[in-house]
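Have a look at target06.cif; it's mmCIF, C-alpha atoms:
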```
data_protein
#
loop_
_atom_site.label_atom_id
_atom_site.label_comp_id
_atom_site.auth_asym_id
_atom_site.auth_seq_id
_atom_site.Cartn_x
_atom_site.Cartn_y
_atom_site.Cartn_z
CA MET A 120 56.74 55.71 47.97
CA SER A 121 53.99 54.38 45.76
CA GLN A 122 51.87 51.33 46.35
CA GLU A 123 53.79 49.59 43.55
CA ASP A 124 56.75 49.28 45.90
CA PRO A 125 57.36 45.69 46.88
CA ARG A 126 56.38 45.99 50.55
CA ALA A 127 55.69 42.72 52.30
CA HIS A 128 51.98 42.07 52.99
CA HIS A 129 52.43 42.23 56.77
CA ASP A 130 54.15 45.64 56.52
CA PHE A 131 50.89 47.58 56.21
CA GLY A 132 51.47 50.62 58.45
CA GLY A 133 49.99 53.68 56.71
CA VAL A 134 48.44 51.69 53.87
CA PRO A 135 45.16 53.43 52.82
CA LYS A 136 43.12 50.20 52.85
CA PHE A 137 43.72 49.91 56.59
CA MET A 138 43.59 53.66 57.35
CA CYS A 139 39.94 53.65 56.21
CA GLU A 140 38.91 51.05 58.79
CA ALA A 141 38.14 52.13 62.35
CA VAL A 142 40.67 50.77 64.83
CA ASP A 143 39.16 48.37 67.36
CA ILE A 144 40.40 49.74 70.69
CA GLN A 145 38.22 47.59 72.97
CA PRO A 146 40.14 45.37 75.41
CA HIS A 147 40.04 41.72 74.39
CA GLU A 148 39.64 38.91 76.89
CA LEU A 149 42.43 36.35 76.50
CA THR A 150 41.18 32.85 75.79
CA ASP A 151 42.70 29.70 77.31
CA PHE A 152 44.22 29.04 73.88
CA ASP A 153 45.84 32.51 73.86
CA ARG A 154 47.33 31.92 77.32
CA ASP A 155 48.63 28.48 76.34
CA VAL A 156 50.35 29.87 73.24
CA ASP A 157 51.92 32.72 75.21
CA ALA A 158 53.17 30.29 77.89
CA LEU A 159 54.57 27.92 75.26
CA ARG A 160 56.46 30.75 73.58
CA GLY A 161 57.89 31.80 76.94
CA VAL A 162 59.10 28.28 77.71
CA LEU A 163 60.63 27.83 74.23
CA SER A 164 62.46 31.15 74.59
CA ALA A 165 63.71 30.41 78.11
CA LYS A 166 64.97 26.97 76.98
CA GLY A 167 66.78 28.49 74.00
CA PHE A 168 64.67 26.83 71.28
CA MET A 169 63.57 30.03 69.54
CA SER A 170 63.77 33.80 69.95
CA VAL A 171 61.07 36.44 69.61
CA ASP A 172 62.80 37.54 66.38
CA GLU A 173 62.36 34.03 64.96
CA LEU A 174 58.71 34.14 66.07
CA ARG A 175 58.25 37.39 64.12
CA ARG A 176 60.01 36.01 61.03
CA GLY A 177 57.69 33.01 61.10
CA ILE A 178 54.60 35.22 61.44
CA GLU A 179 55.71 37.36 58.50
CA ALA A 180 56.21 34.21 56.40
CA ILE A 181 52.52 33.21 56.72
CA PRO A 182 50.88 33.55 53.29
CA GLU A 183 48.72 36.68 53.02
CA GLY A 184 45.28 35.05 52.96
CA GLU A 185 46.01 32.87 55.96
CA TYR A 186 47.73 35.76 57.78
CA HIS A 187 44.57 37.89 57.73
CA ARG A 188 42.33 34.93 58.56
CA LEU A 189 44.26 33.84 61.67
CA SER A 190 43.84 35.41 65.10
CA TYR A 191 46.78 37.15 66.78
CA TYR A 192 47.78 34.06 68.77
CA GLY A 193 46.79 31.84 65.85
CA ARG A 194 49.65 33.49 63.94
CA TRP A 195 51.96 32.85 66.89
CA ILE A 196 51.25 29.09 67.07
CA ARG A 197 51.58 28.84 63.28
CA SER A 198 55.03 30.45 63.53
CA ILE A 199 56.03 28.33 66.55
CA ALA A 200 55.11 25.12 64.69
CA ASP A 201 57.01 26.30 61.60
CA ASN A 202 60.12 27.12 63.66
CA LEU A 203 60.11 23.85 65.62
CA ILE A 204 59.74 21.78 62.45
CA ARG A 205 62.50 23.76 60.68
CA LYS A 206 64.84 23.19 63.62
CA GLY A 207 63.97 19.52 63.94
CA VAL A 208 62.65 19.89 67.51
CA VAL A 209 59.50 18.12 66.38
CA THR A 210 58.78 16.38 63.10
CA ASP A 211 55.84 17.10 60.87
CA ALA A 212 54.59 13.56 61.52
CA GLU A 213 54.78 13.99 65.31
CA LEU A 214 52.87 17.25 65.14
CA ARG A 215 50.17 15.71 62.94
CA ALA A 216 49.87 12.71 65.24
CA GLU A 217 49.37 14.95 68.29
CA MET A 218 46.81 17.12 66.51
CA THR A 219 44.70 14.16 65.40
CA ARG A 220 44.92 12.24 68.69
CA PRO A 221 41.39 11.65 69.98
CA MET B 218 79.48 55.88 60.67
CA SER B 219 77.53 57.23 63.61
CA PHE B 220 74.91 59.93 63.92
CA ALA B 221 74.18 62.71 66.42
CA PRO B 222 70.88 64.32 67.44
CA GLY B 223 69.83 66.84 64.79
CA ASP B 224 71.65 65.10 61.91
CA GLU B 225 69.70 65.09 58.65
CA ILE B 226 69.52 61.59 57.19
CA ARG B 227 68.02 59.64 54.34
CA VAL B 228 66.73 56.11 54.80
CA SER B 229 68.17 53.61 52.36
CA ASP B 230 65.71 52.88 49.52
CA GLU B 231 66.34 49.13 49.58
CA TRP B 232 63.63 46.47 49.26
CA PRO B 233 65.28 43.19 50.28
CA GLU B 234 61.85 41.58 50.79
CA ALA B 235 61.54 41.50 46.99
CA ASN B 236 64.38 38.96 46.80
CA GLY B 237 63.31 36.29 49.28
CA PRO B 238 62.61 35.69 52.97
CA VAL B 239 63.90 38.43 55.27
CA HIS B 240 62.97 40.00 58.59
CA ILE B 241 63.43 43.77 58.52
CA ARG B 242 62.20 46.32 60.99
CA THR B 243 62.41 49.42 58.77
CA PRO B 244 58.80 50.12 57.70
CA HIS B 245 58.05 50.44 53.98
CA TYR B 246 56.80 54.02 54.33
CA VAL B 247 60.17 55.48 55.43
CA ARG B 248 62.34 53.85 52.73
CA GLY B 249 64.11 56.55 50.73
CA ARG B 250 62.67 59.30 52.98
CA ARG B 251 64.56 62.16 54.56
CA GLY B 252 64.39 62.54 58.34
CA ARG B 253 66.19 63.93 61.36
CA VAL B 254 67.96 61.98 64.10
CA LEU B 255 66.34 62.60 67.47
CA ARG B 256 68.51 60.40 69.69
CA ARG B 257 70.56 57.22 69.89
CA LEU B 258 68.55 54.57 71.75
CA GLY B 259 71.41 52.14 72.39
CA ALA B 260 72.98 49.26 70.50
CA PHE B 261 71.34 45.88 69.94
CA PRO B 262 72.01 42.62 68.09
CA ASN B 263 70.69 42.98 64.55
CA PRO B 264 67.16 41.45 64.46
CA GLU B 265 67.62 40.76 60.72
CA ASP B 266 70.12 38.05 61.77
CA LEU B 267 68.46 37.00 65.05
CA ALA B 268 65.31 36.16 63.09
CA PHE B 269 67.24 33.40 61.28
CA ALA B 270 69.26 32.31 64.36
CA ARG B 271 72.44 33.65 62.74
CA PRO B 272 75.28 35.36 64.67
CA ALA B 273 74.08 38.97 65.05
CA PRO B 274 76.41 42.00 65.11
CA VAL B 275 75.49 44.72 67.63
CA ILE B 276 74.27 47.83 65.79
CA ASP B 277 73.31 51.32 66.98
CA LEU B 278 69.58 52.05 67.01
CA TYR B 279 68.23 55.59 66.55
CA HIS B 280 64.95 57.42 66.94
CA VAL B 281 64.44 59.28 63.64
CA ALA B 282 61.76 61.96 63.09
CA PHE B 283 59.87 62.33 59.79
CA ALA B 284 57.35 64.99 58.80
CA VAL B 285 54.03 63.15 58.48
CA ARG B 286 53.03 65.29 55.50
CA ASP B 287 56.18 64.28 53.59
CA ILE B 288 54.98 60.68 53.76
CA TRP B 289 51.19 61.15 53.60
CA PRO B 290 50.49 64.45 51.78
CA ASP B 291 46.82 64.48 52.86
CA ALA B 292 47.66 64.28 56.57
CA PRO B 293 46.17 67.09 58.68
CA GLY B 294 48.61 69.26 60.65
CA GLU B 295 52.36 69.45 60.95
CA ASP B 296 52.94 66.35 63.05
CA GLU B 297 56.10 64.29 63.10
CA ILE B 298 56.44 60.57 63.63
CA ALA B 299 59.40 58.97 65.38
CA VAL B 300 60.58 55.63 64.00
CA GLU B 301 63.24 53.32 65.47
CA ILE B 302 65.79 52.63 62.73
CA PHE B 303 69.06 50.68 62.88
CA GLU B 304 72.19 52.51 61.73
CA HIS B 305 72.84 50.34 58.66
CA TRP B 306 69.62 51.72 57.12
CA LEU B 307 70.70 55.37 57.52
CA ARG B 308 72.61 57.44 54.95
CA ARG B 309 73.91 61.02 54.84
CA PRO B 310 71.45 62.97 52.64
#
```
Show me the file's structure as structure tokens.
Amino acid sequence: MSQEDPRAHHDFGGVPKFMCEAVDIQPHELTDFDRDVDALRGVLSAKGFMSVDELRRGIEAIPEGEYHRLSYYGRWIRSIADNLIRKGVVTDAELRAEMTRP
Amino acid sequence: MSFAPGDEIRVSDEWPEANGPVHIRTPHYVRGRRGRVLRRLGAFPNPEDLAFARPAPVIDLYHVAFAVRDIWPDAPGEDEIAVEIFEHWLRRP
């Protein structure tokens, strides 16, 4: 298949641009933020608020520029926020209020 | 339709991502490609529906082998890759 095929930007397995970059295989220390996001996703899944498939859909929906700028868990929290707003679990206003609380 | 180990298949050359939001687990590089069924891995609710919290039919999942050089002509060697593909993406060649 040629590069003109309408692959989604996140579907970049085997794309030459990425094949020419060395793969970083060093272990990465998890930050407190990473652990918090992982725990939040686990709780939301266990409580039936969202599935891992919905998490993935939300990650894939992140616009390309932002997708490549965000960290791995940054993409997760972006998707979690998107899913919870879509489902009405939290409102956009509530989320903004929490994020700007001193 | 179900498949057995050794069956020659062709992956559907569909690009639903061109028509709006979807979640599909069939990588772009195997669309339209010919491969060989290695084994049935089980049956699972279709992630294409789960991703949108829709009722999800249970669909057979297969391991399918592709010659690396068919996909990437410059690849060194005669390696194969195995890709997990749901049955509704597989066609008889």
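Between atom CA of B:Ala299 and atom CA of B:Leu255 the separation is 8.1 Å.
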Exercise for the section: Starting from chain B, keep only residues with some atom at most 9 Å from an atom of chain A, counting only C-alpha atoms, and report them as a list in words. Expected result: Trp232, Pro233, Glu234, Ala235, Pro238, Val239, His240, Ile241, Pro244, His245, Tyr246, Val247, Arg248, Gly249, Arg250, Pro264, Glu265, Asp266, Leu267, Ala268, Phe269, Ala270, Ile288 and Trp289 of chain B
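For the pair atom CA of A:Gly184 and atom CA of A:Cys139, the separation is 19.6 Å.
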Exercise for the section: Translate the PyMOL selection byres ((chain A and resi 156) around 9), as applied to the file shown, into an explicit residue set as an MDAnalysis selection string. Expected result: chainID A and resid 151:155 157:161 192:193 195:196 199
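Using only C-alpha atoms, the protein and nucleic acid residues lying no more than 12 Å from stretch 215-219 of chain A, apart from those fewer than 5 places from it along its own chain, are A:Ala200, A:Ile204, A:Val209, A:Thr210.
Separating atom CA of B:Gly223 from atom CA of B:Arg256 is a distance of 8.2 Å.
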Close residues, B:Val254 itself excluded, 12 Å, all atoms listed in the file, min 5 positions apart in chain, as a PDB file with C-alpha atoms, in the frame of the given file:
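What landed in part20.pdb:
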```pdb
ATOM      1  CA  SER B 219      77.530  57.230  63.610  1.00  0.00           C
ATOM      2  CA  PHE B 220      74.910  59.930  63.920  1.00  0.00           C
ATOM      3  CA  ALA B 221      74.180  62.710  66.420  1.00  0.00           C
ATOM      4  CA  PRO B 222      70.880  64.320  67.440  1.00  0.00           C
ATOM      5  CA  GLY B 223      69.830  66.840  64.790  1.00  0.00           C
ATOM      6  CA  ASP B 224      71.650  65.100  61.910  1.00  0.00           C
ATOM      7  CA  GLU B 225      69.700  65.090  58.650  1.00  0.00           C
ATOM      8  CA  ILE B 226      69.520  61.590  57.190  1.00  0.00           C
ATOM      9  CA  ARG B 227      68.020  59.640  54.340  1.00  0.00           C
ATOM     10  CA  VAL B 228      66.730  56.110  54.800  1.00  0.00           C
ATOM     11  CA  LEU B 278      69.580  52.050  67.010  1.00  0.00           C
ATOM     12  CA  TYR B 279      68.230  55.590  66.550  1.00  0.00           C
ATOM     13  CA  HIS B 280      64.950  57.420  66.940  1.00  0.00           C
ATOM     14  CA  VAL B 281      64.440  59.280  63.640  1.00  0.00           C
ATOM     15  CA  ALA B 282      61.760  61.960  63.090  1.00  0.00           C
ATOM     16  CA  PHE B 283      59.870  62.330  59.790  1.00  0.00           C
ATOM     17  CA  ILE B 298      56.440  60.570  63.630  1.00  0.00           C
ATOM     18  CA  ALA B 299      59.400  58.970  65.380  1.00  0.00           C
ATOM     19  CA  VAL B 300      60.580  55.630  64.000  1.00  0.00           C
ATOM     20  CA  GLU B 301      63.240  53.320  65.470  1.00  0.00           C
ATOM     21  CA  ILE B 302      65.790  52.630  62.730  1.00  0.00           C
ATOM     22  CA  PHE B 303      69.060  50.680  62.880  1.00  0.00           C
ATOM     23  CA  GLU B 304      72.190  52.510  61.730  1.00  0.00           C
ATOM     24  CA  LEU B 307      70.700  55.370  57.520  1.00  0.00           C
ATOM     25  CA  ARG B 308      72.610  57.440  54.950  1.00  0.00           C
ATOM     26  CA  ARG B 309      73.910  61.020  54.840  1.00  0.00           C
TER      27      ARG B 309
END
```
Practice task
Pull out every residue that the PyMOL selection byres ((chain B and resi 295) around 10) matches in the shown coordinates and put them as a PyMOL selection string.
Solution key: chain B and resi 284-287+292-294+296-297
Practice task
Please return, as number ranges by chain, all polymer residues that have at least one atom within 8 Å of the point (49.6, 37.8, 51.2); use all atoms listed in the file and the file's own coordinate frame.
Solution key: A: 127-129, 181-186
Just add N, CA and C atoms to stretch 202-214 of chain A and send it as a PDB file, in the coordinates of the input.
```pdb
ATOM      1  N   ASN A 202      58.748  27.064  63.129  1.00  0.00           N
ATOM      2  CA  ASN A 202      60.120  27.120  63.660  1.00  0.00           C
ATOM      3  C   ASN A 202      60.578  25.781  64.216  1.00  0.00           C
ATOM      4  N   LEU A 203      59.704  25.113  64.980  1.00  0.00           N
ATOM      5  CA  LEU A 203      60.110  23.850  65.620  1.00  0.00           C
ATOM      6  C   LEU A 203      60.334  22.752  64.590  1.00  0.00           C
ATOM      7  N   ILE A 204      59.540  22.764  63.518  1.00  0.00           N
ATOM      8  CA  ILE A 204      59.740  21.780  62.450  1.00  0.00           C
ATOM      9  C   ILE A 204      61.046  22.093  61.704  1.00  0.00           C
ATOM     10  N   ARG A 205      61.264  23.366  61.390  1.00  0.00           N
ATOM     11  CA  ARG A 205      62.500  23.760  60.680  1.00  0.00           C
ATOM     12  C   ARG A 205      63.745  23.357  61.459  1.00  0.00           C
ATOM     13  N   LYS A 206      63.676  23.477  62.786  1.00  0.00           N
ATOM     14  CA  LYS A 206      64.840  23.190  63.620  1.00  0.00           C
ATOM     15  C   LYS A 206      64.943  21.721  63.986  1.00  0.00           C
ATOM     16  N   GLY A 207      63.932  20.937  63.634  1.00  0.00           N
ATOM     17  CA  GLY A 207      63.970  19.520  63.940  1.00  0.00           C
ATOM     18  C   GLY A 207      63.633  19.188  65.381  1.00  0.00           C
ATOM     19  N   VAL A 208      63.057  20.153  66.120  1.00  0.00           N
ATOM     20  CA  VAL A 208      62.650  19.890  67.510  1.00  0.00           C
ATOM     21  C   VAL A 208      61.492  18.904  67.525  1.00  0.00           C
ATOM     22  N   VAL A 209      60.560  19.104  66.610  1.00  0.00           N
ATOM     23  CA  VAL A 209      59.500  18.120  66.380  1.00  0.00           C
ATOM     24  C   VAL A 209      59.466  17.839  64.878  1.00  0.00           C
ATOM     25  N   THR A 210      58.946  16.674  64.528  1.00  0.00           N
ATOM     26  CA  THR A 210      58.780  16.380  63.100  1.00  0.00           C
ATOM     27  C   THR A 210      57.343  16.696  62.698  1.00  0.00           C
ATOM     28  N   ASP A 211      57.165  16.872  61.408  1.00  0.00           N
ATOM     29  CA  ASP A 211      55.840  17.100  60.870  1.00  0.00           C
ATOM     30  C   ASP A 211      54.902  15.962  61.259  1.00  0.00           C
ATOM     31  N   ALA A 212      55.410  14.735  61.193  1.00  0.00           N
ATOM     32  CA  ALA A 212      54.590  13.560  61.520  1.00  0.00           C
ATOM     33  C   ALA A 212      54.171  13.574  62.993  1.00  0.00           C
ATOM     34  N   GLU A 213      55.100  13.932  63.872  1.00  0.00           N
ATOM     35  CA  GLU A 213      54.780  13.990  65.310  1.00  0.00           C
ATOM     36  C   GLU A 213      53.698  15.033  65.590  1.00  0.00           C
ATOM     37  N   LEU A 214      53.838  16.175  64.938  1.00  0.00           N
ATOM     38  CA  LEU A 214      52.870  17.250  65.140  1.00  0.00           C
ATOM     39  C   LEU A 214      51.479  16.812  64.665  1.00  0.00           C
TER      40      LEU A 214
END
```
